[in-house]
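Structure file query-v9.txt (compact mmCIF, C-alpha atoms) is printed below.
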# COMPACT_ATOMS: atom_id res chain seq x y z
CA MET A 51 -99.99 -29.99 -12.91
CA ILE A 52 -97.46 -31.62 -10.64
CA LYS A 53 -97.97 -32.52 -6.98
CA SER A 54 -95.32 -31.78 -4.35
CA GLN A 55 -94.78 -35.51 -3.76
CA GLN A 56 -93.88 -35.94 -7.45
CA LEU A 57 -91.56 -32.91 -7.26
CA GLU A 58 -89.84 -34.41 -4.21
CA SER A 59 -89.36 -37.71 -6.05
CA ILE A 60 -87.80 -35.98 -9.07
CA ILE A 61 -85.44 -33.88 -6.94
CA ARG A 62 -84.46 -36.92 -4.87
CA MET A 63 -83.64 -38.82 -8.09
CA PHE A 64 -81.20 -36.07 -9.15
CA ASN A 65 -79.69 -35.70 -5.66
CA ASP A 66 -79.22 -39.43 -5.03
CA LYS A 67 -77.50 -40.17 -8.33
CA SER A 68 -74.82 -37.47 -8.51
CA ILE A 69 -72.97 -34.73 -6.69
CA VAL A 70 -73.42 -32.58 -9.79
CA GLY A 71 -77.19 -32.87 -9.33
CA LYS A 72 -76.92 -31.85 -5.66
CA GLU A 73 -74.87 -28.77 -6.50
CA SER A 74 -76.87 -27.71 -9.57
CA ARG A 75 -78.62 -24.37 -9.83
CA ALA A 76 -82.43 -24.55 -9.71
CA SER A 77 -84.18 -22.47 -12.40
CA VAL A 78 -87.65 -22.19 -13.90
CA GLU A 79 -88.06 -21.93 -17.67
CA THR A 80 -91.06 -19.99 -18.98
CA PRO A 81 -92.87 -20.97 -22.21
CA ASP A 82 -90.96 -18.26 -24.10
CA GLY A 83 -87.62 -19.84 -23.08
CA GLU A 84 -86.68 -17.24 -20.45
CA MET A 85 -84.95 -18.58 -17.32
CA TRP A 86 -85.82 -17.42 -13.78
CA ASP A 87 -84.15 -18.19 -10.44
CA ILE A 88 -86.19 -19.70 -7.61
CA LYS A 89 -86.50 -17.08 -4.88
CA GLU A 90 -88.68 -18.89 -2.35
CA ILE A 91 -90.71 -22.06 -1.84
CA PHE A 92 -93.48 -22.22 0.76
CA LEU A 93 -96.67 -24.04 1.69
CA ALA A 94 -99.82 -21.91 1.40
CA GLN A 95 -103.38 -22.54 2.49
CA ASN A 96 -106.09 -22.09 -0.14
CA LYS A 97 -108.82 -19.58 0.64
CA ILE A 98 -111.43 -21.25 -1.56
CA ILE A 99 -114.20 -22.79 0.57
CA GLY A 100 -115.11 -26.31 -0.52
CA SER A 101 -112.02 -26.72 -2.68
CA ARG A 102 -110.54 -30.23 -2.98
CA GLU A 103 -107.07 -28.77 -2.62
CA THR A 104 -106.71 -27.16 0.78
CA HIS A 105 -103.01 -26.33 0.42
CA ARG A 106 -100.51 -25.68 -2.35
CA LEU A 107 -96.76 -25.49 -2.66
CA VAL A 108 -95.87 -22.04 -4.03
CA ILE A 109 -92.62 -21.42 -5.89
CA ARG A 110 -91.75 -17.73 -6.25
CA VAL A 111 -89.24 -16.79 -8.92
CA THR A 112 -87.07 -13.78 -9.64
CA LYS A 113 -85.20 -12.66 -12.74
CA GLU A 114 -81.83 -14.41 -13.06
CA ILE A 115 -79.05 -12.39 -11.47
CA ALA A 116 -76.21 -14.10 -13.34
CA PRO A 117 -77.53 -15.85 -16.46
CA PRO A 118 -75.72 -19.19 -16.91
CA GLY A 119 -76.08 -19.22 -20.69
CA LYS A 120 -78.13 -21.42 -22.99
CA VAL A 121 -79.03 -24.97 -22.08
CA ILE A 122 -76.99 -27.23 -24.35
CA GLY A 123 -78.63 -30.55 -23.49
CA LYS A 124 -80.68 -32.53 -21.01
CA LEU A 125 -78.97 -35.20 -18.91
As structure tokens, the full file:
Amino acid sequence: MIKSQQLESIIRMFNDKSIVGKESRASVETPDGEMWDIKEIFLAQNKIIGSRETHRLVIRVTKEIAPPGKVIGKL
């Protein structure tokens, strides 16, 4: 599990260090290796009464429209 503050820190690290990072496409990789595009990100309120987590950041994905090809390495 990753908190939104950690996600922000990671994205800021990429954006602050390079223009390539700022202009990069954001994708989600599933456990089977399939890549999905991020369609929407929003803050949602939990409906569970008594839950420790009252809100969550939801990332909705959609099938890639133009597959960029295989990932050849991590930078």
>> Restricting the calculation to all atoms listed in the file: of A:Pro117, A:Gly123, A:Asp87, A:Phe92, which residue gets closest to His105 (chain A)?
In response: A:Phe92
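Checking A:Arg106, A:Arg62, A:Ala76, A:Gln56 one by one against Leu93 (chain A), counting all atoms listed in the file, you find the shortest gap at A:Arg106.
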>> If I take CA of Lys72 (chain A) and CA of Glu84 (chain A), how far is one from the other in Å, to one decimal?
In response: 23.0 Å
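Comparing the minimum interatomic distances between Val121 (chain A) and each of A:Ser59, A:Glu79, A:Ile91, A:Ile109, counting all atoms listed in the file, we find that A:Glu79 sits nearest.
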>> Between CA of Arg102 (chain A) and CA of Val78 (chain A), what distance in Å does the model show, to one decimal?
In response: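 Taking CA of Arg102 (chain A) as the start and CA of Val78 (chain A) as the end point, the length is 26.6 Å.
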> Which is closer to Met51 (chain A) than all the others in A:Leu107, A:Ile99, A:Ile122, A:Ala116, using only C-alpha atoms?
Replying inline: A:Leu107
>> So the first atom is CA of Glu114 (chain A) and the second is CA of Gln95 (chain A); what is the distance between them in Å, to one decimal place?
In response: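 For CA of Glu114 (chain A) relative to CA of Gln95 (chain A), the distance reads 27.8 Å.
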Please produce region 52-86 of chain A, completed to N, CA and C atoms, as a short mmCIF file (atom, residue, chain, number, x, y, z; two decimals), in the frame of the given file.
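Result written to result_21.cif:
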data_model
loop_
_atom_site.label_atom_id
_atom_site.label_comp_id
_atom_site.auth_asym_id
_atom_site.auth_seq_id
_atom_site.Cartn_x
_atom_site.Cartn_y
_atom_site.Cartn_z
N ILE A 52 -98.31 -30.67 -11.34
CA ILE A 52 -97.46 -31.62 -10.64
C ILE A 52 -97.67 -31.44 -9.13
N LYS A 53 -97.78 -32.54 -8.43
CA LYS A 53 -97.97 -32.52 -6.98
C LYS A 53 -96.61 -32.44 -6.29
N SER A 54 -96.59 -31.94 -5.06
CA SER A 54 -95.32 -31.78 -4.35
C SER A 54 -94.62 -33.11 -4.11
N GLN A 55 -95.39 -34.19 -3.95
CA GLN A 55 -94.78 -35.51 -3.76
C GLN A 55 -94.01 -35.94 -5.02
N GLN A 56 -94.57 -35.64 -6.19
CA GLN A 56 -93.88 -35.94 -7.45
C GLN A 56 -92.62 -35.09 -7.58
N LEU A 57 -92.72 -33.81 -7.21
CA LEU A 57 -91.56 -32.91 -7.26
C LEU A 57 -90.45 -33.43 -6.35
N GLU A 58 -90.82 -33.86 -5.15
CA GLU A 58 -89.84 -34.41 -4.21
C GLU A 58 -89.14 -35.63 -4.81
N SER A 59 -89.90 -36.50 -5.44
CA SER A 59 -89.36 -37.71 -6.05
C SER A 59 -88.35 -37.37 -7.16
N ILE A 60 -88.68 -36.39 -7.97
CA ILE A 60 -87.80 -35.98 -9.07
C ILE A 60 -86.51 -35.39 -8.51
N ILE A 61 -86.62 -34.50 -7.54
CA ILE A 61 -85.44 -33.88 -6.94
C ILE A 61 -84.57 -34.93 -6.25
N ARG A 62 -85.21 -35.86 -5.54
CA ARG A 62 -84.46 -36.92 -4.87
C ARG A 62 -83.69 -37.76 -5.89
N MET A 63 -84.30 -38.03 -7.05
CA MET A 63 -83.64 -38.82 -8.09
C MET A 63 -82.34 -38.12 -8.53
N PHE A 64 -82.40 -36.81 -8.75
CA PHE A 64 -81.20 -36.07 -9.15
C PHE A 64 -80.17 -36.04 -8.03
N ASN A 65 -80.61 -35.81 -6.80
CA ASN A 65 -79.69 -35.70 -5.66
C ASN A 65 -79.04 -37.02 -5.30
N ASP A 66 -79.76 -38.13 -5.41
CA ASP A 66 -79.22 -39.43 -5.03
C ASP A 66 -78.22 -39.98 -6.04
N LYS A 67 -78.33 -39.57 -7.29
CA LYS A 67 -77.50 -40.17 -8.33
C LYS A 67 -76.19 -39.44 -8.60
N SER A 68 -76.08 -38.15 -8.21
CA SER A 68 -74.82 -37.47 -8.51
C SER A 68 -74.60 -36.24 -7.64
N ILE A 69 -73.34 -35.94 -7.41
CA ILE A 69 -72.97 -34.73 -6.69
C ILE A 69 -73.28 -33.51 -7.57
N VAL A 70 -73.11 -33.66 -8.87
CA VAL A 70 -73.42 -32.58 -9.79
C VAL A 70 -74.88 -32.16 -9.65
N GLY A 71 -75.77 -33.16 -9.52
CA GLY A 71 -77.19 -32.87 -9.33
C GLY A 71 -77.45 -32.12 -8.03
N LYS A 72 -76.74 -32.51 -6.96
CA LYS A 72 -76.92 -31.85 -5.66
C LYS A 72 -76.48 -30.40 -5.70
N GLU A 73 -75.43 -30.11 -6.47
CA GLU A 73 -74.87 -28.77 -6.50
C GLU A 73 -75.43 -27.91 -7.63
N SER A 74 -76.37 -28.45 -8.41
CA SER A 74 -76.87 -27.71 -9.57
C SER A 74 -77.76 -26.55 -9.17
N ARG A 75 -77.78 -25.55 -10.01
CA ARG A 75 -78.62 -24.37 -9.83
C ARG A 75 -80.05 -24.74 -10.20
N ALA A 76 -81.02 -24.28 -9.42
CA ALA A 76 -82.43 -24.55 -9.71
C ALA A 76 -83.03 -23.33 -10.42
N SER A 77 -83.57 -23.54 -11.61
CA SER A 77 -84.18 -22.47 -12.40
C SER A 77 -85.54 -22.91 -12.89
N VAL A 78 -86.34 -21.94 -13.30
CA VAL A 78 -87.65 -22.19 -13.90
C VAL A 78 -87.60 -21.61 -15.30
N GLU A 79 -88.03 -22.41 -16.29
CA GLU A 79 -88.06 -21.93 -17.67
C GLU A 79 -89.50 -21.60 -18.04
N THR A 80 -89.73 -20.40 -18.56
CA THR A 80 -91.06 -19.99 -18.98
C THR A 80 -91.32 -20.49 -20.41
N PRO A 81 -92.57 -20.49 -20.85
CA PRO A 81 -92.87 -20.97 -22.21
C PRO A 81 -92.10 -20.25 -23.32
N ASP A 82 -91.71 -19.00 -23.08
CA ASP A 82 -90.96 -18.26 -24.10
C ASP A 82 -89.46 -18.52 -24.04
N GLY A 83 -89.02 -19.45 -23.16
CA GLY A 83 -87.62 -19.84 -23.08
C GLY A 83 -86.79 -19.02 -22.10
N GLU A 84 -87.41 -18.07 -21.42
CA GLU A 84 -86.68 -17.24 -20.45
C GLU A 84 -86.47 -18.03 -19.16
N MET A 85 -85.29 -17.87 -18.55
CA MET A 85 -84.95 -18.58 -17.32
C MET A 85 -85.06 -17.65 -16.12
N TRP A 86 -85.64 -18.17 -15.03
CA TRP A 86 -85.82 -17.42 -13.78
C TRP A 86 -85.23 -18.23 -12.63
#
